[in-house]
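What follows is the content of query23.cif (mmCIF, C-alpha atoms).
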data_model
#
loop_
_atom_site.group_PDB
_atom_site.id
_atom_site.type_symbol
_atom_site.label_atom_id
_atom_site.label_comp_id
_atom_site.auth_asym_id
_atom_site.auth_seq_id
_atom_site.Cartn_x
_atom_site.Cartn_y
_atom_site.Cartn_z
ATOM 1 C CA MET A 1 -41.116 57.714 -17.634
ATOM 2 C CA SER A 2 -43.863 55.491 -16.321
ATOM 3 C CA ALA A 3 -44.254 55.350 -12.521
ATOM 4 C CA THR A 4 -44.379 51.601 -12.779
ATOM 5 C CA ALA A 5 -40.836 51.373 -14.229
ATOM 6 C CA PRO A 6 -39.001 51.613 -10.878
ATOM 7 C CA GLN A 7 -41.431 49.103 -9.454
ATOM 8 C CA GLY A 8 -40.765 46.760 -12.334
ATOM 9 C CA GLU A 9 -37.001 47.089 -11.891
ATOM 10 C CA ALA A 10 -37.308 46.446 -8.165
ATOM 11 C CA ALA A 11 -39.409 43.366 -8.812
ATOM 12 C CA ALA A 12 -36.844 42.090 -11.331
ATOM 13 C CA GLU A 13 -33.998 42.611 -8.865
ATOM 14 C CA ALA A 14 -35.947 40.832 -6.142
ATOM 15 C CA ALA A 15 -36.652 37.936 -8.483
ATOM 16 C CA SER A 16 -32.983 37.820 -9.449
ATOM 17 C CA ARG A 17 -31.916 37.709 -5.794
ATOM 18 C CA THR A 18 -34.441 34.992 -5.066
ATOM 19 C CA MET A 19 -33.166 32.965 -8.015
ATOM 20 C CA ALA A 20 -29.563 33.448 -6.878
ATOM 21 C CA ARG A 21 -30.440 32.242 -3.376
ATOM 22 C CA ARG A 22 -32.235 29.212 -4.760
ATOM 23 C CA THR A 23 -29.329 28.428 -7.066
ATOM 24 C CA GLY A 24 -26.886 28.790 -4.167
ATOM 25 C CA ARG A 25 -28.944 26.484 -1.960
ATOM 26 C CA LEU A 26 -29.191 23.929 -4.779
ATOM 27 C CA ALA A 27 -25.409 24.071 -5.335
ATOM 28 C CA LEU A 28 -24.845 23.527 -1.607
ATOM 29 C CA ARG A 29 -27.211 20.552 -1.592
ATOM 30 C CA ILE A 30 -25.458 19.026 -4.599
ATOM 31 C CA ALA A 31 -22.039 19.603 -3.032
ATOM 32 C CA ALA A 32 -23.222 18.075 0.260
ATOM 33 C CA TRP A 33 -24.643 15.080 -1.622
ATOM 34 C CA VAL A 34 -21.404 14.558 -3.562
ATOM 35 C CA VAL A 35 -19.291 14.824 -0.396
ATOM 36 C CA GLY A 36 -21.636 12.483 1.463
ATOM 37 C CA ALA A 37 -21.629 9.935 -1.351
ATOM 38 C CA ALA A 38 -17.817 10.071 -1.593
ATOM 39 C CA ALA A 39 -17.499 9.640 2.173
ATOM 40 C CA ALA A 40 -19.915 6.696 2.151
ATOM 41 C CA ALA A 41 -18.030 5.078 -0.731
ATOM 42 C CA TRP A 42 -14.732 5.573 1.120
ATOM 43 C CA VAL A 43 -16.140 3.954 4.270
ATOM 44 C CA VAL A 44 -17.497 0.958 2.353
ATOM 45 C CA GLY A 45 -14.210 0.556 0.487
ATOM 46 C CA PHE A 46 -12.254 0.879 3.706
ATOM 47 C CA LEU A 47 -14.308 -1.883 5.350
ATOM 48 C CA PHE A 48 -13.669 -4.203 2.390
ATOM 49 C CA PHE A 49 -9.970 -3.300 2.557
ATOM 50 C CA VAL A 50 -9.761 -4.116 6.278
ATOM 51 C CA ASP A 51 -11.613 -7.387 5.726
ATOM 52 C CA HIS A 52 -9.154 -8.334 2.982
ATOM 53 C CA VAL A 53 -6.176 -7.471 5.189
ATOM 54 C CA LEU A 54 -7.521 -9.550 8.064
ATOM 55 C CA THR A 55 -8.512 -12.593 6.022
ATOM 56 C CA GLU A 56 -5.711 -12.918 3.452
ATOM 57 C CA LYS A 57 -3.570 -15.925 4.294
ATOM 58 C CA PRO A 58 -0.561 -17.530 2.591
ATOM 59 C CA PRO A 59 -1.141 -20.849 0.827
ATOM 60 C CA ALA A 60 -1.605 -23.748 3.248
ATOM 61 C CA ALA A 61 1.331 -25.452 1.556
ATOM 62 C CA MET A 62 3.716 -22.779 0.307
ATOM 63 C CA PRO A 63 4.770 -23.691 -3.237
ATOM 64 C CA HIS A 64 8.380 -23.639 -4.322
ATOM 65 C CA ALA A 65 9.336 -20.379 -6.010
ATOM 66 C CA ASP A 66 12.317 -18.923 -7.822
ATOM 67 C CA GLY A 67 12.877 -16.301 -5.151
ATOM 68 C CA ILE A 68 11.633 -14.492 -2.062
ATOM 69 C CA VAL A 69 11.229 -10.731 -1.801
ATOM 70 C CA VAL A 70 10.997 -9.151 1.645
ATOM 71 C CA LEU A 71 9.915 -5.516 1.768
ATOM 72 C CA THR A 72 11.651 -4.042 4.795
ATOM 73 C CA GLY A 73 9.820 -2.296 7.578
ATOM 74 C CA GLY A 74 9.940 -4.732 10.483
ATOM 75 C CA ALA A 75 12.069 -7.501 11.948
ATOM 76 C CA ASP A 76 9.125 -9.902 11.708
ATOM 77 C CA ARG A 77 9.218 -9.631 7.917
ATOM 78 C CA ILE A 78 12.922 -10.487 7.834
ATOM 79 C CA ARG A 79 12.377 -13.495 10.115
ATOM 80 C CA ALA A 80 9.568 -14.759 7.878
ATOM 81 C CA GLY A 81 11.716 -14.422 4.754
ATOM 82 C CA LEU A 82 14.694 -16.139 6.348
ATOM 83 C CA SER A 83 12.450 -18.958 7.533
ATOM 84 C CA LEU A 84 11.248 -19.540 3.989
ATOM 85 C CA LEU A 85 14.801 -19.441 2.661
ATOM 86 C CA GLY A 86 16.025 -21.792 5.385
ATOM 87 C CA GLY A 87 13.181 -24.163 4.553
ATOM 88 C CA ARG A 88 14.373 -24.255 0.934
ATOM 89 C CA ILE A 89 11.079 -22.884 -0.361
ATOM 90 C CA ALA A 90 13.174 -20.750 -2.726
ATOM 91 C CA PRO A 91 16.908 -20.635 -3.536
ATOM 92 C CA ARG A 92 17.453 -16.900 -3.016
ATOM 93 C CA LEU A 93 16.088 -13.896 -1.150
ATOM 94 C CA LEU A 94 16.029 -10.157 -1.744
ATOM 95 C CA ILE A 95 15.630 -7.764 1.184
ATOM 96 C CA SER A 96 14.368 -4.714 -0.675
ATOM 97 C CA GLY A 97 14.725 -1.248 0.798
ATOM 98 C CA ALA A 98 17.461 -2.221 3.223
ATOM 99 C CA GLY A 99 18.870 1.289 3.101
ATOM 100 C CA PRO A 100 22.332 2.602 2.205
ATOM 101 C CA GLY A 101 25.244 1.210 4.193
ATOM 102 C CA THR A 102 23.383 -1.733 5.704
ATOM 103 C CA ASN A 103 24.617 -5.322 5.736
ATOM 104 C CA LEU A 104 23.173 -8.670 6.737
ATOM 105 C CA ALA A 105 24.437 -8.300 10.306
ATOM 106 C CA ASP A 106 22.022 -5.394 10.724
ATOM 107 C CA PHE A 107 19.155 -7.846 10.279
ATOM 108 C CA VAL A 108 20.589 -11.154 11.532
ATOM 109 C CA PRO A 109 23.176 -11.726 14.282
ATOM 110 C CA GLN A 110 26.507 -12.178 12.528
ATOM 111 C CA ASP A 111 27.399 -15.370 14.374
ATOM 112 C CA SER A 112 24.002 -17.023 13.871
ATOM 113 C CA PRO A 113 23.639 -20.154 11.724
ATOM 114 C CA GLN A 114 21.342 -18.228 9.401
ATOM 115 C CA ALA A 115 23.989 -15.602 8.677
ATOM 116 C CA ARG A 116 26.674 -18.190 7.996
ATOM 117 C CA GLN A 117 24.585 -20.608 5.957
ATOM 118 C CA LEU A 118 22.263 -18.296 4.064
ATOM 119 C CA ASP A 119 24.491 -15.291 3.391
ATOM 120 C CA PRO A 120 25.405 -16.337 -0.191
ATOM 121 C CA ALA A 121 21.723 -16.603 -1.093
ATOM 122 C CA ILE A 122 20.708 -13.184 0.273
ATOM 123 C CA THR A 123 20.789 -9.890 -1.610
ATOM 124 C CA LEU A 124 20.327 -6.568 0.135
ATOM 125 C CA GLY A 125 18.638 -3.906 -1.959
ATOM 126 C CA HIS A 126 19.958 -0.476 -0.998
ATOM 127 C CA VAL A 127 18.088 1.702 -3.491
ATOM 128 C CA ALA A 128 14.361 1.517 -2.741
ATOM 129 C CA MET A 129 12.857 4.147 -0.449
ATOM 130 C CA THR A 130 9.151 3.642 -1.270
ATOM 131 C CA THR A 131 6.840 0.785 -2.213
ATOM 132 C CA ARG A 132 7.140 1.753 -5.867
ATOM 133 C CA GLY A 133 10.911 1.697 -5.398
ATOM 134 C CA ASN A 134 10.617 -1.796 -3.880
ATOM 135 C CA ALA A 135 8.779 -2.919 -7.009
ATOM 136 C CA ARG A 136 11.428 -1.481 -9.322
ATOM 137 C CA GLU A 137 14.264 -2.964 -7.260
ATOM 138 C CA SER A 138 12.525 -6.349 -7.213
ATOM 139 C CA ALA A 139 11.975 -6.255 -10.979
ATOM 140 C CA VAL A 140 15.680 -5.683 -11.644
ATOM 141 C CA TRP A 141 16.674 -8.486 -9.248
ATOM 142 C CA ALA A 142 14.078 -10.897 -10.675
ATOM 143 C CA ALA A 143 15.275 -10.232 -14.225
ATOM 144 C CA GLN A 144 18.888 -10.814 -13.208
ATOM 145 C CA HIS A 145 17.973 -14.233 -11.804
ATOM 146 C CA HIS A 146 15.417 -15.100 -14.517
ATOM 147 C CA ALA A 147 12.766 -15.543 -11.836
ATOM 148 C CA ARG A 148 9.293 -16.553 -12.948
ATOM 149 C CA SER A 149 7.760 -16.856 -9.484
ATOM 150 C CA LEU A 150 8.318 -14.885 -6.274
ATOM 151 C CA ILE A 151 7.047 -15.107 -2.712
ATOM 152 C CA VAL A 152 6.311 -11.612 -1.411
ATOM 153 C CA VAL A 153 6.738 -10.982 2.316
ATOM 154 C CA THR A 154 5.496 -7.779 3.890
ATOM 155 C CA ALA A 155 3.062 -6.602 6.576
ATOM 156 C CA ASP A 156 -0.541 -7.674 6.029
ATOM 157 C CA TYR A 157 -1.834 -4.084 5.863
ATOM 158 C CA HIS A 158 0.850 -3.221 3.284
ATOM 159 C CA MET A 159 0.337 -6.307 1.102
ATOM 160 C CA PRO A 160 -2.548 -5.039 -1.141
ATOM 161 C CA ARG A 161 -0.619 -1.961 -2.280
ATOM 162 C CA ALA A 162 2.665 -3.854 -2.534
ATOM 163 C CA MET A 163 1.082 -6.476 -4.790
ATOM 164 C CA LEU A 164 -0.413 -3.778 -7.026
ATOM 165 C CA GLU A 165 2.963 -2.120 -7.530
ATOM 166 C CA LEU A 166 4.800 -5.425 -7.972
ATOM 167 C CA ARG A 167 2.323 -6.717 -10.557
ATOM 168 C CA ARG A 168 2.765 -3.544 -12.597
ATOM 169 C CA HIS A 169 6.553 -3.882 -12.597
ATOM 170 C CA LEU A 170 6.738 -7.691 -12.838
ATOM 171 C CA PRO A 171 3.910 -8.711 -15.187
ATOM 172 C CA TRP A 172 5.803 -11.833 -16.238
ATOM 173 C CA VAL A 173 6.202 -13.154 -12.659
ATOM 174 C CA ARG A 174 3.767 -15.208 -10.576
ATOM 175 C CA LEU A 175 3.511 -13.492 -7.190
ATOM 176 C CA ILE A 176 2.618 -15.403 -4.030
ATOM 177 C CA ALA A 177 1.610 -13.302 -1.024
ATOM 178 C CA ASP A 178 2.916 -14.239 2.408
ATOM 179 C CA PRO A 179 1.488 -11.513 4.690
ATOM 180 C CA VAL A 180 2.954 -10.988 8.151
ATOM 181 C CA ARG A 181 0.864 -9.683 11.051
ATOM 182 C CA PRO A 182 3.012 -6.930 12.645
ATOM 183 C CA PRO A 183 2.766 -5.736 16.277
ATOM 184 C CA ALA A 184 1.098 -2.540 15.005
ATOM 185 C CA MET A 185 -1.949 -4.646 14.092
ATOM 186 C CA ALA A 186 -2.276 -6.332 17.487
ATOM 187 C CA ARG A 187 -5.204 -4.121 18.546
ATOM 188 C CA LEU A 188 -7.342 -3.651 15.446
ATOM 189 C CA TRP A 189 -9.782 -1.057 16.795
ATOM 190 C CA ALA A 190 -7.180 1.046 18.584
ATOM 191 C CA PRO A 191 -7.075 4.624 17.186
ATOM 192 C CA ARG A 192 -3.440 4.248 16.161
ATOM 193 C CA THR A 193 -4.192 1.067 14.201
ATOM 194 C CA LEU A 194 -7.203 2.625 12.493
ATOM 195 C CA ARG A 195 -5.101 5.633 11.472
ATOM 196 C CA LEU A 196 -2.485 3.261 10.055
ATOM 197 C CA LEU A 197 -5.097 1.340 8.072
ATOM 198 C CA ALA A 198 -6.859 4.495 6.862
ATOM 199 C CA GLY A 199 -3.583 6.001 5.658
ATOM 200 C CA GLU A 200 -2.641 2.775 3.900
ATOM 201 C CA PHE A 201 -6.069 2.568 2.267
ATOM 202 C CA ASP A 202 -5.682 6.119 0.923
ATOM 203 C CA LYS A 203 -2.309 5.207 -0.590
ATOM 204 C CA TYR A 204 -3.782 2.001 -2.022
ATOM 205 C CA LEU A 205 -6.530 4.030 -3.718
ATOM 206 C CA LEU A 206 -3.966 6.381 -5.249
ATOM 207 C CA VAL A 207 -2.041 3.440 -6.683
ATOM 208 C CA ARG A 208 -5.263 1.946 -8.049
ATOM 209 C CA LEU A 209 -5.965 5.274 -9.762
ATOM 210 C CA GLY A 210 -2.486 5.337 -11.289
ATOM 211 C CA LEU A 211 -1.242 8.018 -8.919
ATOM 212 C CA GLY A 212 1.331 5.851 -7.164
ATOM 213 C CA GLY A 213 4.064 8.361 -7.909
ATOM 214 C CA PHE A 214 2.138 11.033 -6.022
ATOM 215 C CA ALA A 215 1.695 8.640 -3.104
ATOM 216 C CA ALA A 216 5.374 7.789 -3.075
ATOM 217 C CA HIS A 217 6.661 11.350 -3.132
ATOM 218 C CA HIS A 218 4.025 13.290 -1.201
ATOM 219 C CA ILE A 219 2.211 10.940 1.176
ATOM 220 C CA GLU A 220 4.273 7.894 2.148
ATOM 221 C CA LYS A 221 6.839 9.912 4.072
ATOM 222 C CA TYR A 222 4.124 11.488 6.200
ATOM 223 C CA LEU A 223 1.960 8.444 7.017
#

Using the file provided, produce a representation of the structure as structure tokens.
Amino acid sequence: MSATAPQGEAAAEAASRTMARRTGRLALRIAAWVVGAAAAAWVVGFLFFVDHVLTEKPPAAMPHADGIVVLTGGADRIRAGLSLLGGRIAPRLLISGAGPGTNLADFVPQDSPQARQLDPAITLGHVAMTTRGNARESAVWAAQHHARSLIVVTADYHMPRAMLELRRHLPWVRLIADPVRPPAMARLWAPRTLRLLAGEFDKYLLVRLGLGGFAAHHIEKYL
């Protein structure tokens, strides 16, 4: 055997190791670039999302609609929906996601004028547990009442995702957003508020990607 054979094999192994190191470094650079680009895209999207949440307003003159849908989650939403109903902006109201065993007195004092006067026009939805469930519950209610237009009342940070889900389940209905600014949004740059907005943006992205079911069953209950 030639004396140069071991040297040749050693050189080949060294070259192979060098190539492997270069390939590994290249893979790390590509992975870092992909992660960085995804993070930058998320940040840009998040800023647009926050801007939309902060600037979306209801129509200056709220048009008459066939119904009002309030997605539960705060007393301020209920008050806004009842105000619209009391102002005869729509003839009926659905409080979606009210929860099993609830009644109107859980949301409005039983002896109040609103409870006495508006009770016949209010439906409590006891089935929905998620935003997708709200959309399904609203679709059934809208079909029962032959509604062609609905005013949607929910928190401003929740409105983009709610409208996505509602449009997918009620394609025949004109939806009018009436966002409510909840106490949780009082201090925009507080860490708690930013966590709320970031979590909502993640869920919004999942719905946009057609993964709303995953968001409903695996994320919503944790955020």

Item to complete: Measuring atom to atom with only C-alpha atoms, identify which of A:Leu164, A:Asp106, A:Arg208, A:Val152 is nearest to A:Gly81.
Response: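 Distance minimum relative to A:Gly81 lands on A:Val152.
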
Worksheet item: How many Å separate atom CA of A:Leu194 from atom CA of A:Ile176?
Response: 26.4 Å

Starting from the displayed file, determine the output of the PyMOL selection byres ((chain A and resi 133) around 10) and express the residue list as an mmCIF file with C-alpha atoms, keeping the file's coordinate frame.
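Written file, out16.cif:
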data_model
loop_
_atom_site.group_PDB
_atom_site.id
_atom_site.type_symbol
_atom_site.label_atom_id
_atom_site.label_comp_id
_atom_site.auth_asym_id
_atom_site.auth_seq_id
_atom_site.Cartn_x
_atom_site.Cartn_y
_atom_site.Cartn_z
ATOM 1 C CA SER A 96 14.368 -4.714 -0.675
ATOM 2 C CA GLY A 97 14.725 -1.248 0.798
ATOM 3 C CA VAL A 127 18.088 1.702 -3.491
ATOM 4 C CA ALA A 128 14.361 1.517 -2.741
ATOM 5 C CA MET A 129 12.857 4.147 -0.449
ATOM 6 C CA THR A 130 9.151 3.642 -1.270
ATOM 7 C CA THR A 131 6.840 0.785 -2.213
ATOM 8 C CA ARG A 132 7.140 1.753 -5.867
ATOM 9 C CA ASN A 134 10.617 -1.796 -3.880
ATOM 10 C CA ALA A 135 8.779 -2.919 -7.009
ATOM 11 C CA ARG A 136 11.428 -1.481 -9.322
ATOM 12 C CA GLU A 137 14.264 -2.964 -7.260
ATOM 13 C CA SER A 138 12.525 -6.349 -7.213
ATOM 14 C CA ALA A 139 11.975 -6.255 -10.979
ATOM 15 C CA GLU A 165 2.963 -2.120 -7.530
ATOM 16 C CA LEU A 166 4.800 -5.425 -7.972
ATOM 17 C CA GLY A 213 4.064 8.361 -7.909
ATOM 18 C CA ALA A 216 5.374 7.789 -3.075
#

Worksheet entry | Point-to-point distance in Å for atom CA of A:Leu150 and atom CA of A:Leu197 | 25.5 Å

Worksheet item: So, counting only C-alpha atoms, which residue among A:Ala90, A:Val108, A:Val53, A:Leu47 is closest to A:Pro179?
Response: A:Val53

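Reported to one decimal place, the separation of atom CA of A:Arg161 from atom CA of A:Glu200 is 8.0 Å.
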
Worksheet item: Which residue out of A:Gly199, A:Pro120, A:Pro191, A:Pro182 has the minimum interatomic distance to A:Val153 when only C-alpha atoms are used?
Response: A:Pro182

Worksheet item: Expanded to explicit residues, what is the PyMOL selection byres ((chain A and resi 147) around 12) for this file, as JSON, numbers by chain?
Response: {"A": [64, 65, 66, 67, 68, 69, 90, 91, 92, 93, 94, 138, 139, 140, 141, 142, 143, 144, 145, 146, 148, 149, 150, 151, 170, 171, 172, 173, 174, 175]}

Fill in: Nearest to A:Ile122, chosen from A:Ala41, A:Lys57, A:Met62, A:Leu85, with only C-alpha atoms counted in the distances
A:Leu85

Item to complete: Let me know the residues the PyMOL selection byres ((chain A and resi 79) around 12) catches in the file above, as a list of chain:residue names.
Response: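 Selected by the PyMOL selection byres ((chain A and resi 79) around 12) in this file: A:Val70, A:Leu71, A:Thr72, A:Gly73, A:Gly74, A:Ala75, A:Asp76, A:Arg77, A:Ile78, A:Ala80, A:Gly81, A:Leu82, A:Ser83, A:Leu84, A:Leu85, A:Gly86, A:Leu93, A:Ile95, A:Phe107, A:Val108, A:Pro109, A:Gln114, A:Ala115, A:Val153, A:Thr154, A:Val180, A:Pro182.
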
Please write the residues from the selection above to a file, keeping C-alpha atoms, as a PDB file, in the frame of the given file.
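This went into part09.pdb:
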ATOM      1  CA  VAL A  70      10.997  -9.151   1.645  1.00  0.00           C
ATOM      2  CA  LEU A  71       9.915  -5.516   1.768  1.00  0.00           C
ATOM      3  CA  THR A  72      11.651  -4.042   4.795  1.00  0.00           C
ATOM      4  CA  GLY A  73       9.820  -2.296   7.578  1.00  0.00           C
ATOM      5  CA  GLY A  74       9.940  -4.732  10.483  1.00  0.00           C
ATOM      6  CA  ALA A  75      12.069  -7.501  11.948  1.00  0.00           C
ATOM      7  CA  ASP A  76       9.125  -9.902  11.708  1.00  0.00           C
ATOM      8  CA  ARG A  77       9.218  -9.631   7.917  1.00  0.00           C
ATOM      9  CA  ILE A  78      12.922 -10.487   7.834  1.00  0.00           C
ATOM     10  CA  ALA A  80       9.568 -14.759   7.878  1.00  0.00           C
ATOM     11  CA  GLY A  81      11.716 -14.422   4.754  1.00  0.00           C
ATOM     12  CA  LEU A  82      14.694 -16.139   6.348  1.00  0.00           C
ATOM     13  CA  SER A  83      12.450 -18.958   7.533  1.00  0.00           C
ATOM     14  CA  LEU A  84      11.248 -19.540   3.989  1.00  0.00           C
ATOM     15  CA  LEU A  85      14.801 -19.441   2.661  1.00  0.00           C
ATOM     16  CA  GLY A  86      16.025 -21.792   5.385  1.00  0.00           C
ATOM     17  CA  LEU A  93      16.088 -13.896  -1.150  1.00  0.00           C
ATOM     18  CA  ILE A  95      15.630  -7.764   1.184  1.00  0.00           C
ATOM     19  CA  PHE A 107      19.155  -7.846  10.279  1.00  0.00           C
ATOM     20  CA  VAL A 108      20.589 -11.154  11.532  1.00  0.00           C
ATOM     21  CA  PRO A 109      23.176 -11.726  14.282  1.00  0.00           C
ATOM     22  CA  GLN A 114      21.342 -18.228   9.401  1.00  0.00           C
ATOM     23  CA  ALA A 115      23.989 -15.602   8.677  1.00  0.00           C
ATOM     24  CA  VAL A 153       6.738 -10.982   2.316  1.00  0.00           C
ATOM     25  CA  THR A 154       5.496  -7.779   3.890  1.00  0.00           C
ATOM     26  CA  VAL A 180       2.954 -10.988   8.151  1.00  0.00           C
ATOM     27  CA  PRO A 182       3.012  -6.930  12.645  1.00  0.00           C
TER      28      PRO A 182
END

Item to complete: Show me as a PyMOL selection string the residues that reach within 9 Å of (-6.3, 1.9, 2.3), counting all atoms listed in the file and using the file's own coordinates.
Response: chain A and resi 45-46+49-50+157-158+160-161+196-205

Would you compute the box with edges along x, y and z of the file around stretch 47-66 of chain A, including every atom the file lists for it and 4 Å extra on each side, and give its centre and edge lengths in Å to one decimal, as AutoDock Vina command-line options?
--center_x -1.0 --center_y -13.7 --center_z 0.1 --size_x 34.6 --size_y 31.6 --size_z 23.9

Fill in: Who sits within 8 Å of A:Arg181, only C-alpha atoms, same chain under 2 positions skipped, as number ranges by chain
A: 155-156, 179, 183, 185-186
